[in-house]
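Structure record follows, encoded as structure tokens.
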There are 2 protein chains.
Amino acid sequence: MHGELMPGEHLTLRGLAEEYGLSMTPVREAVRRLSTEGALALTATGRITTPELDAARIEELAVLRSLIEPELAARALPRAHFALIDRMNAINSSIAEAAVKGDACRYIRHNLEFHRALYLRAQAPAMLAVIETVWLQLGPTMRRLYEEQSRQVPPRAHRVMLAALKAGDEPALRLAVKTDVTRGLRHLLGQEGAG
Amino acid sequence: MHGELMPGEHLTLRGLAEEYGLSMTPVREAVRRLSTEGALALTATGRITTPELDAARIEELAVLRSLIEPELAARALPRAHFALIDRMNAINSSIAEAAVKGDACRYIRHNLEFHRALYLRAQAPAMLAVIETVWLQLGPTMRRLYEEQSRQVPPRAHRVMLAALKAGDEPALRLAVKTDVTRGLRHLLGQEGAG
DNA sequence: ATGGCGCCATTGTGATCACAAGTGCCGCCG
DNA sequence: CGGCGGCACTTGTGATCACAATGGCGCCAT
């Protein structure tokens, strides 16, 4: 899952097959699928590795998030009732828990769950599918981002998102989502000024 | 390729294997891959069909295009030199040719080639990959859209795009791309007012 | 000692096979 | 004559096998 593999590792079909107690065939299909989604990469010779993303690629993916996620949030807004906000609050607490424990994997997972909980309400499966593949590609990077920042609290943009949701304020929500999604990228991307 | 299959058709692994002179294994992988990209759909029991898109899904995909493609165009703009514009003009002629011949398949293909030629200049492979999967999913719909409109000329938005490119006018380019991408959707989506 | 060459193990690809689940059809019974 | 049950065929899944290419390792020559 998200954040469990470090970039640059290299895997083998037979190894994965044994690890999961399967034959090569299903493993191959899974690997090919993941590689089309960008979660894995196949070298020209067919070796399987976790892709090493360069800064340009990361910036692109972040821009994709900043383009699509505010739209998803805006579409979810009219359908967001109290139960959803409660649930997002709960997830936010889980994020805080993972943060103080320094559990990168859970932190990342809960973070995405926070966003997904909202976007599920958008009734936009195609957009959700696209953004999930973007998340998948960002997985290793998010882990590194987390480790370099070693946060102790949930992102403050999350609280802003929740406030905008309660207020039914679409522009504020769009902005908060975009802020959250872009958070930390200046740090990770260095000086190159990410669009 | 794009626009060759009508929605609702159903395919078999063995049929495709024979058709392409391959074994089932590579065909299976290709089908699985295409299904994760949304170009094909697997029923719960595993049957392979070309997905029947409802209006909501089409609207989502169109919005994805309208979010991402202007960004790609804007990124390509500073790098668009005369050779590119010439090439796009040539492709536009091919579109016109296919239009008068009523060749839906070539029309669609050249249309996408027109966009791709521009976006390739954006140096944004991740975004390009995402938009290509969106195109793939829209394939069958684009064909139906073409057949219902039976155009005789290339979209006028294409000319506006070329003009904006020559002028180096980013806002105009973004708008032209968005217009082109949204073209015809009101017609296809009926009265529901596509965002 | 080190760099280049060649061999061997590793690894992905494609093919074929056995199996299980599903579908559609045909016949039987009401 | 129509509805229902069972059977055969179709079809996807998973496993195993043969092969080709690649990468790594050791050996030899300089």
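Ordering of the structure tokens sets the chain letters (A, B, ...); residue numbers start at 1 within each chain; ligands are numbered from 1 in the order shown.
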
Practice task
Give the helix (DSSP H, G or I) residues of stretch 27-93 of chain A, as assigned by DSSP on the backbone, as a PyMOL selection string.
Solution key: chain A and resi 27-36+55-79+82-93

Write out the residues from the selection above, keeping C-alpha atoms, as a PDB file, in the first residue's frame.
```
ATOM      1  CA  VAL A  27       1.539 -11.412 -10.313  1.00  0.00           C
ATOM      2  CA  ARG A  28       2.527 -10.379 -13.794  1.00  0.00           C
ATOM      3  CA  GLU A  29      -0.889  -8.934 -14.424  1.00  0.00           C
ATOM      4  CA  ALA A  30      -0.830  -7.025 -11.169  1.00  0.00           C
ATOM      5  CA  VAL A  31       2.636  -5.673 -11.885  1.00  0.00           C
ATOM      6  CA  ARG A  32       1.685  -4.618 -15.390  1.00  0.00           C
ATOM      7  CA  ARG A  33      -1.405  -2.930 -14.062  1.00  0.00           C
ATOM      8  CA  LEU A  34       0.510  -1.098 -11.383  1.00  0.00           C
ATOM      9  CA  SER A  35       3.104  -0.067 -13.903  1.00  0.00           C
ATOM     10  CA  THR A  36       0.488   1.439 -16.202  1.00  0.00           C
ATOM     11  CA  ALA A  55      11.332  17.075  -9.346  1.00  0.00           C
ATOM     12  CA  ALA A  56       9.607  17.882 -12.632  1.00  0.00           C
ATOM     13  CA  ARG A  57       7.431  14.813 -12.399  1.00  0.00           C
ATOM     14  CA  ILE A  58       6.508  15.545  -8.819  1.00  0.00           C
ATOM     15  CA  GLU A  59       5.554  19.084  -9.737  1.00  0.00           C
ATOM     16  CA  GLU A  60       3.329  17.802 -12.520  1.00  0.00           C
ATOM     17  CA  LEU A  61       1.570  15.391 -10.241  1.00  0.00           C
ATOM     18  CA  ALA A  62       1.075  18.090  -7.653  1.00  0.00           C
ATOM     19  CA  VAL A  63      -0.438  20.373 -10.270  1.00  0.00           C
ATOM     20  CA  LEU A  64      -2.766  17.580 -11.325  1.00  0.00           C
ATOM     21  CA  ARG A  65      -3.880  17.313  -7.714  1.00  0.00           C
ATOM     22  CA  SER A  66      -4.368  21.053  -7.491  1.00  0.00           C
ATOM     23  CA  LEU A  67      -6.437  21.033 -10.678  1.00  0.00           C
ATOM     24  CA  ILE A  68      -8.672  18.086  -9.932  1.00  0.00           C
ATOM     25  CA  GLU A  69      -9.093  17.919  -6.166  1.00  0.00           C
ATOM     26  CA  PRO A  70     -10.680  21.350  -5.708  1.00  0.00           C
ATOM     27  CA  GLU A  71     -13.220  20.366  -8.354  1.00  0.00           C
ATOM     28  CA  LEU A  72     -13.962  17.128  -6.518  1.00  0.00           C
ATOM     29  CA  ALA A  73     -14.292  18.972  -3.239  1.00  0.00           C
ATOM     30  CA  ALA A  74     -16.626  21.536  -4.776  1.00  0.00           C
ATOM     31  CA  ARG A  75     -18.814  18.771  -6.139  1.00  0.00           C
ATOM     32  CA  ALA A  76     -18.918  17.075  -2.773  1.00  0.00           C
ATOM     33  CA  LEU A  77     -19.775  20.266  -0.940  1.00  0.00           C
ATOM     34  CA  PRO A  78     -23.548  20.327  -1.573  1.00  0.00           C
ATOM     35  CA  ARG A  79     -23.765  16.694  -0.493  1.00  0.00           C
ATOM     36  CA  PHE A  82     -22.841  16.349   9.286  1.00  0.00           C
ATOM     37  CA  ALA A  83     -22.021  12.662   9.337  1.00  0.00           C
ATOM     38  CA  LEU A  84     -19.346  13.219   6.703  1.00  0.00           C
ATOM     39  CA  ILE A  85     -17.803  16.136   8.571  1.00  0.00           C
ATOM     40  CA  ASP A  86     -17.762  14.063  11.746  1.00  0.00           C
ATOM     41  CA  ARG A  87     -16.067  11.253   9.914  1.00  0.00           C
ATOM     42  CA  MET A  88     -13.478  13.606   8.460  1.00  0.00           C
ATOM     43  CA  ASN A  89     -12.856  14.973  11.928  1.00  0.00           C
ATOM     44  CA  ALA A  90     -12.293  11.459  13.197  1.00  0.00           C
ATOM     45  CA  ILE A  91      -9.878  10.713  10.390  1.00  0.00           C
ATOM     46  CA  ASN A  92      -8.079  13.937  11.195  1.00  0.00           C
ATOM     47  CA  SER A  93      -7.599  12.658  14.738  1.00  0.00           C
TER      48      SER A  93
END
```

Practice task
Could you give me, as a PyMOL selection string, the residues within 12 Å of D:DA21, counting only C-alpha atoms (C1' of nucleotides) and dropping anything in the same chain fewer than 3 positions from it?
Solution key: (chain A and resi 44-47) or (chain C and resi 10-13)

Handout entry: Selected residue, from A:Ala98, A:Ala41, A:Met24, A:Leu112, that lies nearest to chain C when counting only C-alpha atoms (C1' of nucleotides)
Key =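 Of all the options, A:Met24 lies closest to chain C.
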
Handout entry: Contact residues around D:DT11 with only C-alpha atoms (C1' of nucleotides) at 12 Å, ignoring same-chain residues under 4 positions, as a list in words
Key = His10, Leu11, Thr12, Leu13, Arg14, Gly15, Met24, Thr45, Gly46, Arg47 and Ile48 of chain B; DC19, DA20, DA21, DG22 and DT23 of chain C

Handout entry: Contacts of D:DT30 at 12 Å (only C-alpha atoms (C1' of nucleotides); same-chain gap of 4+ positions) as a ChimeraX atom specification
Key = /C:1-4

Problem - Interface list for chain B, partner chain C, 8 Å threshold, only C-alpha atoms (C1' of nucleotides), as a VMD selection string - result: chain B and resid 23 25 to 26 45

Could you dump the residues just selected with all heavy atoms as a PDB file, in the first residue's frame?
```pdb
ATOM      1  N   SER B  23      -1.076 -15.519 -28.234  1.00  0.00           N
ATOM      2  CA  SER B  23      -1.653 -16.443 -27.265  1.00  0.00           C
ATOM      3  C   SER B  23      -2.554 -15.669 -26.311  1.00  0.00           C
ATOM      4  O   SER B  23      -2.647 -14.445 -26.364  1.00  0.00           O
ATOM      5  CB  SER B  23      -0.536 -17.138 -26.511  1.00  0.00           C
ATOM      6  OG  SER B  23      -1.080 -17.935 -25.493  1.00  0.00           O
ATOM      7  N   THR B  25      -2.237 -15.242 -23.137  1.00  0.00           N
ATOM      8  CA  THR B  25      -1.553 -14.526 -22.059  1.00  0.00           C
ATOM      9  C   THR B  25      -1.327 -13.048 -22.369  1.00  0.00           C
ATOM     10  O   THR B  25      -1.757 -12.196 -21.584  1.00  0.00           O
ATOM     11  CB  THR B  25      -0.237 -15.217 -21.712  1.00  0.00           C
ATOM     12  OG1 THR B  25      -0.454 -16.625 -21.620  1.00  0.00           O
ATOM     13  CG2 THR B  25       0.325 -14.684 -20.422  1.00  0.00           C
ATOM     14  N   PRO B  26      -0.671 -12.709 -23.466  1.00  0.00           N
ATOM     15  CA  PRO B  26      -0.465 -11.276 -23.712  1.00  0.00           C
ATOM     16  C   PRO B  26      -1.772 -10.537 -23.946  1.00  0.00           C
ATOM     17  O   PRO B  26      -1.890  -9.369 -23.533  1.00  0.00           O
ATOM     18  CB  PRO B  26       0.416 -11.243 -24.963  1.00  0.00           C
ATOM     19  CG  PRO B  26       0.523 -12.628 -25.451  1.00  0.00           C
ATOM     20  CD  PRO B  26      -0.058 -13.564 -24.470  1.00  0.00           C
ATOM     21  N   THR B  45     -18.556 -10.898 -13.637  1.00  0.00           N
ATOM     22  CA  THR B  45     -18.207 -12.278 -13.933  1.00  0.00           C
ATOM     23  C   THR B  45     -16.981 -12.373 -14.820  1.00  0.00           C
ATOM     24  O   THR B  45     -16.547 -13.475 -15.129  1.00  0.00           O
ATOM     25  CB  THR B  45     -19.368 -12.990 -14.625  1.00  0.00           C
ATOM     26  OG1 THR B  45     -19.390 -12.574 -15.991  1.00  0.00           O
ATOM     27  CG2 THR B  45     -20.674 -12.627 -13.981  1.00  0.00           C
TER      28      THR B  45
END
```

Problem - Distance filter 12 Å, only C-alpha atoms (C1' of nucleotides), chain D against chain B, as a list in words - result: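 Here is what falls inside 12 Å: DT10, DT11, DG12, DT13 and DG14 of chain D.
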
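Here the question is which of B:Val160, B:Ala80, B:Ala17, B:Leu42 gets nearest to B:Leu120 using only C-alpha atoms, and that residue is B:Ala80.
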
Practice task
Show which residues sit within 10 Å of A:Tyr146, as a list in words. Count only C-alpha atoms (C1' of nucleotides), and ignore same-chain residues fewer than 6 positions away.
Solution key: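 Once the adjacent positions are removed, what remains is Gly3, Ala99, Gly102, Asp103, Ala104, Cys105, Tyr107, Ile108, Pro140 and Gly184 of chain A.
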
Output C-alpha atoms of each residue in that selection to a file, as a JSON list (two decimals), in the first residue's frame.
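Output file selection-v6.json follows:
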```
[["chain", "number", "residue", "atom", "x", "y", "z"],
["A", 3, "GLY", "CA", 4.17, 4.54, 1.55],
["A", 99, "ALA", "CA", 1.89, 11.98, 13.43],
["A", 102, "GLY", "CA", 5.94, 9.05, 13.73],
["A", 103, "ASP", "CA", 4.16, 6.35, 11.73],
["A", 104, "ALA", "CA", 4.70, 7.57, 8.17],
["A", 105, "CYS", "CA", 2.69, 4.83, 6.59],
["A", 107, "TYR", "CA", -0.03, 9.14, 8.43],
["A", 108, "ILE", "CA", -0.06, 9.00, 4.65],
["A", 140, "PRO", "CA", 6.96, 7.07, -2.46],
["A", 184, "GLY", "CA", 5.35, 21.20, 1.35]]
```

Problem - Counting only C-alpha atoms, the option among B:Ala117, B:Val130, B:Leu53, B:Ala122 closest to chain A - result: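 Looking at the shortest contact to chain A, the residue is B:Val130.
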
Exercise for the section: Give me every strand (DSSP E) residue in stretch 2-195 of chain A, going by DSSP on the backbone, as a ChimeraX atom specification. Expected result: /A:10-11,41-42,48-49

Take the residues that were just selected and, keeping C-alpha atoms, output them as a PDB file, in the first residue's frame.
```pdb
ATOM      1  CA  HIS A  10      13.671  -3.610  -7.543  1.00  0.00           C
ATOM      2  CA  LEU A  11      11.353  -6.585  -7.516  1.00  0.00           C
ATOM      3  CA  ALA A  41       8.075   1.136 -13.490  1.00  0.00           C
ATOM      4  CA  LEU A  42       9.457  -1.344 -15.978  1.00  0.00           C
ATOM      5  CA  ILE A  48      10.567  -4.082 -12.192  1.00  0.00           C
ATOM      6  CA  THR A  49      11.437  -1.129  -9.985  1.00  0.00           C
TER       7      THR A  49
END
```

Completion exercise
Shortest contact to chain B, candidates A:Pro125, A:Pro171, A:Gly139, A:Pro154, atoms counted only C-alpha atoms, goes to A:Pro125

Practice task
Calculate how many Å separate atom CA of A:Val177 from atom CA of A:Met161, rounding to one decimal.
Solution key: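 Separation between atom CA of A:Val177 and atom CA of A:Met161: 6.6 Å.
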